[in-house]
file model-v1.cif (mmCIF, C-alpha atoms)
data_target
#
loop_
_atom_site.label_atom_id
_atom_site.label_comp_id
_atom_site.auth_asym_id
_atom_site.auth_seq_id
_atom_site.Cartn_x
_atom_site.Cartn_y
_atom_site.Cartn_z
CA MET D 22 109.84 256.53 -29.75
CA ASN D 23 108.81 254.76 -32.93
CA ARG D 24 109.54 251.05 -33.12
CA ILE D 25 110.15 249.69 -36.61
CA ASP D 26 109.40 246.14 -35.52
CA ASN D 27 105.81 247.16 -34.73
CA LEU D 28 105.10 248.26 -38.29
CA GLN D 29 102.67 245.99 -40.14
CA PRO D 30 103.85 244.82 -43.57
CA SER D 31 101.68 245.94 -46.47
CA LEU D 32 99.76 243.40 -48.50
CA SER D 33 101.66 242.35 -51.60
CA ALA D 34 101.10 240.10 -54.60
CA ILE D 35 103.46 237.84 -56.55
CA LEU D 36 103.19 236.87 -60.21
CA LEU D 37 105.09 233.87 -61.57
CA LEU D 38 104.91 233.60 -65.35
CA ALA D 39 106.50 231.59 -68.16
CA CYS D 40 105.78 232.14 -71.85
CA PRO D 41 107.45 232.25 -75.27
CA ASP D 42 109.86 235.17 -75.36
CA ARG D 43 109.02 238.29 -77.34
CA ARG D 44 109.71 242.01 -77.16
CA GLY D 45 107.96 244.17 -74.61
CA LEU D 46 106.92 241.53 -72.09
CA VAL D 47 108.45 243.26 -69.06
CA SER D 48 107.00 246.58 -70.17
CA ARG D 49 103.51 245.15 -70.62
CA LEU D 50 103.56 243.44 -67.23
CA ALA D 51 104.92 246.52 -65.47
CA HIS D 52 102.22 248.62 -67.15
CA PHE D 53 99.50 246.24 -65.97
CA ILE D 54 100.67 246.79 -62.40
CA PHE D 55 101.09 250.56 -62.88
CA GLU D 56 97.72 251.18 -64.51
CA HIS D 57 95.96 249.58 -61.55
CA GLY D 58 97.88 251.61 -58.98
CA GLY D 59 100.48 249.06 -57.89
CA ASN D 60 104.08 249.71 -56.89
CA ILE D 61 106.65 247.08 -57.91
CA LEU D 62 108.67 245.81 -54.96
CA ASP D 63 110.83 243.20 -56.68
CA LEU D 64 111.29 241.98 -60.24
CA ASP D 65 113.52 239.24 -61.61
CA GLU D 66 113.34 237.81 -65.13
CA HIS D 67 115.22 235.34 -67.29
CA VAL D 68 115.21 234.25 -70.94
CA ASP D 69 116.29 230.70 -71.72
CA ALA D 70 118.09 230.97 -75.04
CA GLY D 71 117.81 227.24 -75.77
CA SER D 72 114.04 227.01 -75.45
CA GLY D 73 113.19 230.62 -76.27
CA MET D 74 111.14 230.86 -73.09
CA PHE D 75 110.71 233.93 -70.89
CA PHE D 76 110.39 233.62 -67.10
CA ILE D 77 109.53 236.31 -64.57
CA ARG D 78 108.77 236.75 -60.89
CA VAL D 79 107.41 240.14 -59.93
CA SER D 80 105.95 241.29 -56.63
CA TRP D 81 104.10 244.52 -55.98
CA SER D 82 102.37 246.36 -53.17
CA MET D 83 98.61 246.01 -53.05
CA ASP D 84 98.20 249.25 -51.07
CA GLY D 85 95.92 251.36 -53.23
CA PHE D 86 95.74 248.69 -55.95
CA SER D 87 92.45 249.01 -57.80
CA ILE D 88 91.88 245.24 -58.17
CA PRO D 89 90.91 243.26 -55.05
CA ALA D 90 93.13 240.25 -54.38
CA SER D 91 90.13 237.96 -54.93
CA ASP D 92 89.70 239.28 -58.50
CA LEU D 93 93.34 239.39 -59.56
CA GLU D 94 93.42 236.09 -61.44
CA GLU D 95 90.26 236.87 -63.40
CA VAL D 96 91.46 240.34 -64.43
CA PHE D 97 94.93 239.10 -65.41
CA ARG D 98 93.66 236.09 -67.39
CA PRO D 99 93.26 237.89 -70.78
CA LEU D 100 96.87 239.08 -70.64
CA GLY D 101 98.08 235.61 -69.72
CA ARG D 102 96.10 234.18 -72.63
CA GLU D 103 97.59 236.75 -75.01
CA PHE D 104 101.11 235.76 -73.92
CA GLN D 105 100.29 232.01 -74.18
CA ALA D 106 101.64 231.83 -70.64
CA ARG D 107 101.70 229.46 -67.72
CA TRP D 108 101.20 231.71 -64.74
CA SER D 109 100.04 231.97 -61.15
CA ILE D 110 99.34 234.85 -58.80
CA HIS D 111 99.79 234.65 -55.05
CA THR D 112 99.34 237.06 -52.20
CA ALA D 113 102.55 236.95 -50.20
CA GLU D 114 100.65 236.86 -46.92
CA THR D 115 98.65 233.72 -47.84
CA ARG D 116 100.17 230.80 -45.98
CA GLU D 117 100.86 227.59 -47.89
CA ARG D 118 99.41 224.48 -46.28
CA VAL D 119 102.13 221.82 -46.11
CA ALA D 120 101.98 218.13 -45.21
CA LEU D 121 105.15 216.34 -44.17
CA PHE D 122 105.74 212.68 -45.07
CA VAL D 123 108.30 210.78 -42.95
CA SER D 124 109.43 207.26 -42.13
CA LYS D 125 111.92 206.71 -39.27
CA TYR D 126 114.70 209.28 -39.84
CA ASP D 127 113.94 212.49 -37.98
CA HIS D 128 116.67 214.98 -39.01
CA CYS D 129 114.79 216.61 -41.90
CA LEU D 130 111.53 216.64 -39.97
CA GLN D 131 113.22 218.23 -36.94
CA GLU D 132 114.73 220.95 -39.13
CA ILE D 133 111.46 221.92 -40.76
CA LEU D 134 109.47 221.87 -37.53
CA TRP D 135 112.10 223.95 -35.72
CA ARG D 136 112.26 226.56 -38.49
CA HIS D 137 108.47 226.64 -38.62
CA ARG D 138 108.25 227.22 -34.87
CA THR D 139 110.74 230.11 -35.08
CA GLY D 140 108.59 231.77 -37.75
CA GLU D 141 111.02 231.30 -40.63
CA PHE D 142 108.45 229.48 -42.77
CA GLN D 143 105.20 231.33 -43.38
CA ILE D 144 103.30 228.05 -43.70
CA ASP D 145 100.75 225.95 -41.88
CA ILE D 146 101.51 222.28 -41.16
CA PRO D 147 98.17 220.63 -40.38
CA LEU D 148 99.46 217.06 -40.44
CA ILE D 149 102.35 214.63 -40.69
CA ILE D 150 101.94 211.30 -42.50
CA SER D 151 104.17 208.28 -41.94
CA ASN D 152 104.40 204.61 -42.78
CA HIS D 153 105.79 203.95 -39.27
CA PRO D 154 104.69 205.10 -35.80
CA ASP D 155 108.20 206.00 -34.58
CA LEU D 156 108.02 209.80 -35.00
CA GLY D 157 104.58 210.20 -33.48
CA PRO D 158 105.97 211.62 -30.19
CA LEU D 159 107.87 214.32 -32.11
CA ALA D 160 104.72 215.35 -33.96
CA HIS D 161 102.84 215.40 -30.65
CA HIS D 162 105.54 217.63 -29.13
CA TYR D 163 104.87 220.21 -31.84
CA GLY D 164 101.10 219.80 -31.60
CA ILE D 165 100.67 218.43 -35.12
CA ALA D 166 98.31 215.59 -36.05
CA PHE D 167 100.20 212.39 -36.89
CA HIS D 168 98.70 209.79 -39.23
CA VAL D 169 100.17 206.33 -39.81
CA TYR D 170 99.56 204.43 -43.03
CA PRO D 171 101.63 201.22 -43.07
CA ILE D 172 102.65 200.43 -46.64
CA THR D 173 103.06 196.98 -48.20
CA SER D 174 103.18 195.93 -51.81
CA GLU D 175 99.63 194.63 -51.44
CA ASN D 176 98.02 197.73 -49.89
CA LYS D 177 100.15 200.53 -51.39
CA LEU D 178 97.60 201.94 -53.83
CA ASP D 179 94.73 201.75 -51.33
CA GLN D 180 96.79 203.48 -48.64
CA GLU D 181 97.90 206.18 -51.05
CA GLN D 182 94.27 206.81 -51.97
CA ARG D 183 93.47 207.32 -48.29
CA GLU D 184 96.43 209.69 -47.99
CA LEU D 185 95.26 211.72 -50.99
CA GLU D 186 91.76 211.96 -49.54
CA LEU D 187 93.25 213.23 -46.28
CA LEU D 188 95.35 215.80 -48.14
CA ARG D 189 92.29 217.05 -50.02
CA ALA D 190 90.26 217.24 -46.81
CA HIS D 191 92.95 219.47 -45.26
CA ARG D 192 93.39 221.55 -48.43
CA ILE D 193 97.09 220.73 -48.63
CA ASP D 194 99.06 222.77 -51.17
CA THR D 195 102.44 221.05 -50.91
CA VAL D 196 103.80 217.70 -49.74
CA VAL D 197 107.37 217.46 -48.42
CA LEU D 198 109.01 214.04 -48.32
CA ALA D 199 111.24 214.56 -45.27
CA ARG D 200 113.09 211.28 -45.74
CA TYR D 201 109.97 209.28 -46.55
CA MET D 202 111.36 205.90 -47.54
CA GLN D 203 108.65 204.97 -50.00
CA VAL D 204 108.39 205.46 -53.77
CA LEU D 205 105.18 207.28 -54.61
CA SER D 206 103.00 205.81 -57.33
CA ASP D 207 102.46 207.63 -60.61
CA ARG D 208 98.84 208.20 -59.57
CA PHE D 209 99.93 210.05 -56.43
CA VAL D 210 102.47 212.16 -58.32
CA ASP D 211 99.96 213.01 -61.05
CA ALA D 212 97.51 214.22 -58.40
CA MET D 213 100.01 216.84 -57.16
CA PRO D 214 102.22 217.94 -60.08
CA GLU D 215 105.13 220.17 -59.04
CA ARG D 216 103.78 220.12 -55.49
CA VAL D 217 105.75 217.20 -53.99
CA ILE D 218 109.31 217.97 -52.84
CA ASN D 219 111.87 215.26 -52.09
CA ILE D 220 115.40 215.13 -50.65
CA HIS D 221 118.09 212.55 -51.32
CA HIS D 222 121.84 212.17 -51.10
CA SER D 223 123.90 212.84 -54.21
CA PHE D 224 127.36 211.31 -54.18
CA LEU D 225 130.20 212.09 -56.57
CA PRO D 226 130.68 209.52 -58.05
CA ALA D 227 127.16 208.17 -57.61
CA PHE D 228 126.45 204.99 -55.69
CA SER D 229 123.15 203.17 -56.06
CA GLY D 230 121.70 200.36 -54.03
CA GLY D 231 121.97 199.79 -50.30
CA ASN D 232 124.29 201.53 -47.82
CA PRO D 233 125.40 204.39 -50.09
CA TYR D 234 127.39 206.05 -47.29
CA ARG D 235 129.35 202.87 -46.72
CA GLN D 236 129.99 202.58 -50.46
CA ALA D 237 131.19 206.18 -50.55
CA PHE D 238 133.39 205.65 -47.49
CA GLU D 239 134.97 202.52 -48.93
CA ARG D 240 135.61 204.31 -52.23
CA GLY D 241 137.25 207.25 -50.43
CA VAL D 242 135.11 210.01 -51.94
CA LYS D 243 136.19 213.62 -51.38
CA ILE D 244 132.78 215.22 -51.90
CA ILE D 245 129.27 214.23 -50.93
CA GLY D 246 126.09 216.20 -51.49
CA ALA D 247 122.33 216.45 -51.23
CA THR D 248 119.67 217.29 -53.81
CA SER D 249 116.10 218.49 -53.35
CA HIS D 250 113.76 218.24 -56.30
CA TYR D 251 110.16 218.01 -57.41
CA VAL D 252 108.90 214.44 -57.59
CA THR D 253 108.01 213.06 -61.02
CA ALA D 254 107.26 209.60 -62.35
CA GLU D 255 110.99 209.14 -62.98
CA LEU D 256 112.54 208.15 -59.65
CA ASP D 257 114.86 210.89 -58.29
CA GLU D 258 114.93 212.55 -61.72
CA GLY D 259 112.58 215.48 -61.11
CA PRO D 260 113.48 219.15 -61.67
CA ILE D 261 116.10 220.20 -59.12
CA ILE D 262 115.29 223.04 -56.71
CA GLU D 263 118.38 223.10 -54.47
CA GLN D 264 121.71 221.31 -54.05
CA ASP D 265 124.81 221.55 -51.87
CA ILE D 266 128.04 219.66 -51.22
CA VAL D 267 130.54 219.17 -48.40
CA ARG D 268 134.18 218.10 -48.52
CA ILE D 269 135.23 214.71 -47.17
CA SER D 270 138.69 214.03 -45.73
CA HIS D 271 140.65 210.79 -45.36
CA LYS D 272 140.27 211.41 -41.62
CA ASP D 273 136.48 211.12 -41.79
CA THR D 274 134.97 207.89 -40.52
CA LEU D 275 131.79 206.29 -41.82
CA PRO D 276 129.76 207.93 -38.99
CA ASP D 277 131.30 211.28 -40.03
CA LEU D 278 130.01 210.80 -43.58
CA VAL D 279 126.55 209.94 -42.31
CA ARG D 280 126.53 212.98 -40.00
CA LYS D 281 127.72 215.36 -42.72
CA GLY D 282 125.26 213.89 -45.19
CA ARG D 283 122.32 214.31 -42.85
CA ASP D 284 123.35 217.89 -42.10
CA LEU D 285 123.29 218.62 -45.82
CA GLU D 286 119.97 216.87 -46.35
CA ARG D 287 118.15 218.88 -43.70
CA LEU D 288 119.60 222.22 -44.84
CA VAL D 289 119.07 221.63 -48.55
CA LEU D 290 115.47 220.49 -48.01
CA ALA D 291 114.76 223.51 -45.82
CA ARG D 292 116.13 225.88 -48.47
CA ALA D 293 114.11 224.15 -51.21
CA LEU D 294 110.91 224.41 -49.18
CA SER D 295 111.61 228.09 -48.51
CA ARG D 296 112.03 228.86 -52.21
CA HIS D 297 108.90 226.91 -53.10
CA VAL D 298 106.57 228.53 -50.56
CA GLU D 299 107.94 231.99 -51.40
CA HIS D 300 106.94 231.30 -55.03
CA ARG D 301 110.46 231.59 -56.39
CA VAL D 302 110.50 228.45 -58.57
CA LEU D 303 109.33 227.91 -62.13
CA VAL D 304 109.71 224.55 -63.86
CA ASN D 305 111.21 224.57 -67.36
CA GLY D 306 110.97 221.00 -68.66
CA ARG D 307 113.42 218.92 -66.61
CA LYS D 308 115.02 222.05 -65.11
CA THR D 309 113.94 224.87 -62.85
CA ILE D 310 114.30 228.63 -62.80
CA VAL D 311 114.91 229.62 -59.17
CA PHE D 312 114.66 233.35 -58.52
CA GLU D 313 116.78 234.60 -55.62
#
call {"tool": "encode", "arguments": {"input": "model-v1.cif", "output": "structure tokens"}}
result
Amino acid sequence: MNRIDNLQPSLSAILLLACPDRRGLVSRLAHFIFEHGGNILDLDEHVDAGSGMFFIRVSWSMDGFSIPASDLEEVFRPLGREFQARWSIHTAETRERVALFVSKYDHCLQEILWRHRTGEFQIDIPLIISNHPDLGPLAHHYGIAFHVYPITSENKLDQEQRELELLRAHRIDTVVLARYMQVLSDRFVDAMPERVINIHHSFLPAFSGGNPYRQAFERGVKIIGATSHYVTAELDEGPIIEQDIVRISHKDTLPDLVRKGRDLERLVLARALSRHVEHRVLVNGRKTIVFE
């Protein structure tokens, strides 16, 4: 008896592309894939009327494709240049290398490590970086190297330089701030543009400063939320990848708000990471195009 779960998935490629809109773009891209023997598996495109920009994500089977995966970027480059495009090509089976940054809260870290262990994320996590030693035992439980870089105002830039060197040594593609309670310097952010993902609460109305959950509780809010976004030089203002909200009742206590908020944070961050590593996100200025 044949078992479907024993079938090996075929190699596939993914193109993410953004360029000024014009007629025939989808046709030209589909023809590029066709003329080299590819079969399109999924295609999603969008035109932003305000900016006049065209965005597309297309994946295709590499079975019988005449261009080796190693040569794809070089062969596609003239077409990308003709379109004046920002683009990237990925093989779906290539695993992103992700580093997790944490402080003392463990809920987002637990969520990502659990989903990774179950095989939900097709990623490698070579290391976890923290400014505190508290979550070292959790990293050890999952067999992941744990590095501590205490941060002060005096040593911040030096420590970040050491962190960046470690990331380069491990060929890290993406950094996830899983409740890392430090503001990254502009130098760090510039070294990894659109490759650092953050999570934070988002209250309606918004509360800044300390103890935001207490502020929200005392104000009697009816909705709280969480936002995951790419990190930019503007604090918590980067292009948004994923958001969600939950209702709050007058019966909810302050611990209830904290619990609901943390549940949202871990789920929203996990969804954002999934979309990023599946190459479903294109940045359009301060916004994102997220292909489902």
call {"tool": "resolve_selection", "arguments": {"input": "model-v1.cif", "expression": "the PyMOL selection byres ((chain D and resi 72) around 10)", "output": "PyMOL selection string"}}
result
chain D and resi 41-42+68-71+73-75+305-306
call {"tool": "resolve_selection", "arguments": {"input": "model-v1.cif", "expression": "the PyMOL selection byres ((chain D and resi 214) around 12)", "output": "PyMOL selection string"}}
result
chain D and resi 194-196+207-213+215-218+251-254+259-260+304
call {"tool": "residues_around", "arguments": {"input": "model-v1.cif", "residues": "Glu299 of chain D", "least_positions_apart": "3", "cutoff": "8 Å", "atoms": "all atoms listed in the file", "output": "PDB file with C-alpha atoms, in the coordinates of the input"}}
result
ATOM      1  CA  ALA D 113     102.550 236.950 -50.200  1.00  0.00           C
ATOM      2  CA  SER D 295     111.610 228.090 -48.510  1.00  0.00           C
ATOM      3  CA  ARG D 296     112.030 228.860 -52.210  1.00  0.00           C
TER       4      ARG D 296
END
call {"tool": "resolve_selection", "arguments": {"input": "model-v1.cif", "expression": "the PyMOL selection byres ((chain D and resi 114) around 9)", "output": "ChimeraX atom specification"}}
result
/D:32-34,111-113,115-116,143
call {"tool": "closest_residue", "arguments": {"input": "model-v1.cif", "among": "D:Arg102, D:Lys177, D:His128, D:His297", "to": "Arg280 of chain D", "atoms": "only C-alpha atoms"}}
result
D:His128
call {"tool": "residues_around", "arguments": {"input": "model-v1.cif", "residues": "Leu37 of chain D", "least_positions_apart": "6", "cutoff": "9 Å", "atoms": "all atoms listed in the file", "output": "ChimeraX atom specification"}}
result
/D:76-80,107-111,300-303
call {"tool": "residues_around", "arguments": {"input": "model-v1.cif", "residues": "Leu285 of chain D", "least_positions_apart": "3", "cutoff": "8 Å", "atoms": "all atoms listed in the file", "output": "JSON, numbers by chain"}}
result
{"D": [246, 247, 265, 266, 267, 281, 282, 288, 289]}
call {"tool": "residues_around", "arguments": {"input": "model-v1.cif", "residues": "Asp145 of chain D", "least_positions_apart": "5", "cutoff": "9 Å", "atoms": "all atoms listed in the file", "output": "VMD selection string"}}
result
chain D and resid 116 to 120 137
call {"tool": "write_last_selection", "arguments": {"input": "model-v1.cif", "atoms": "C-alpha atoms", "output": "PDB file, keeping the file's coordinate frame"}}
result
ATOM      1  CA  ARG D 116     100.170 230.800 -45.980  1.00  0.00           C
ATOM      2  CA  GLU D 117     100.860 227.590 -47.890  1.00  0.00           C
ATOM      3  CA  ARG D 118      99.410 224.480 -46.280  1.00  0.00           C
ATOM      4  CA  VAL D 119     102.130 221.820 -46.110  1.00  0.00           C
ATOM      5  CA  ALA D 120     101.980 218.130 -45.210  1.00  0.00           C
ATOM      6  CA  HIS D 137     108.470 226.640 -38.620  1.00  0.00           C
TER       7      HIS D 137
END
call {"tool": "atom_distance", "arguments": {"input": "model-v1.cif", "atom1": "atom CA of His168 of chain D", "atom2": "atom CA of Ile149 of chain D"}}
result
6.2 Å
call {"tool": "atom_distance", "arguments": {"input": "model-v1.cif", "atom1": "atom CA of Glu103 of chain D", "atom2": "atom CA of Asn60 of chain D"}}
result
23.2 Å
call {"tool": "closest_residue", "arguments": {"input": "model-v1.cif", "among": "D:Ile165, D:Ile220, D:Arg240, D:Thr139", "to": "Glu258 of chain D", "atoms": "only C-alpha atoms"}}
result
D:Ile220
call {"tool": "atom_distance", "arguments": {"input": "model-v1.cif", "atom1": "atom CA of Pro158 of chain D", "atom2": "atom CA of Arg136 of chain D"}}
result
18.2 Å
call {"tool": "residues_around", "arguments": {"input": "model-v1.cif", "residues": "Leu121 of chain D", "least_positions_apart": "5", "cutoff": "7 Å", "atoms": "only C-alpha atoms", "output": "ChimeraX atom specification"}}
result
/D:148-150,196-199
call {"tool": "residues_near_point", "arguments": {"input": "model-v1.cif", "point": "(132.2, 204.1, -51.1)", "cutoff": "12 Å", "atoms": "all atoms listed in the file", "output": "VMD selection string"}}
result
chain D and resid 224 to 245 269 274 to 275 278 to 279
call {"tool": "closest_residue", "arguments": {"input": "model-v1.cif", "among": "D:Ile88, D:Leu178, D:Leu294, D:Ile146", "to": "Ala166 of chain D", "atoms": "all atoms listed in the file"}}
result
D:Ile146
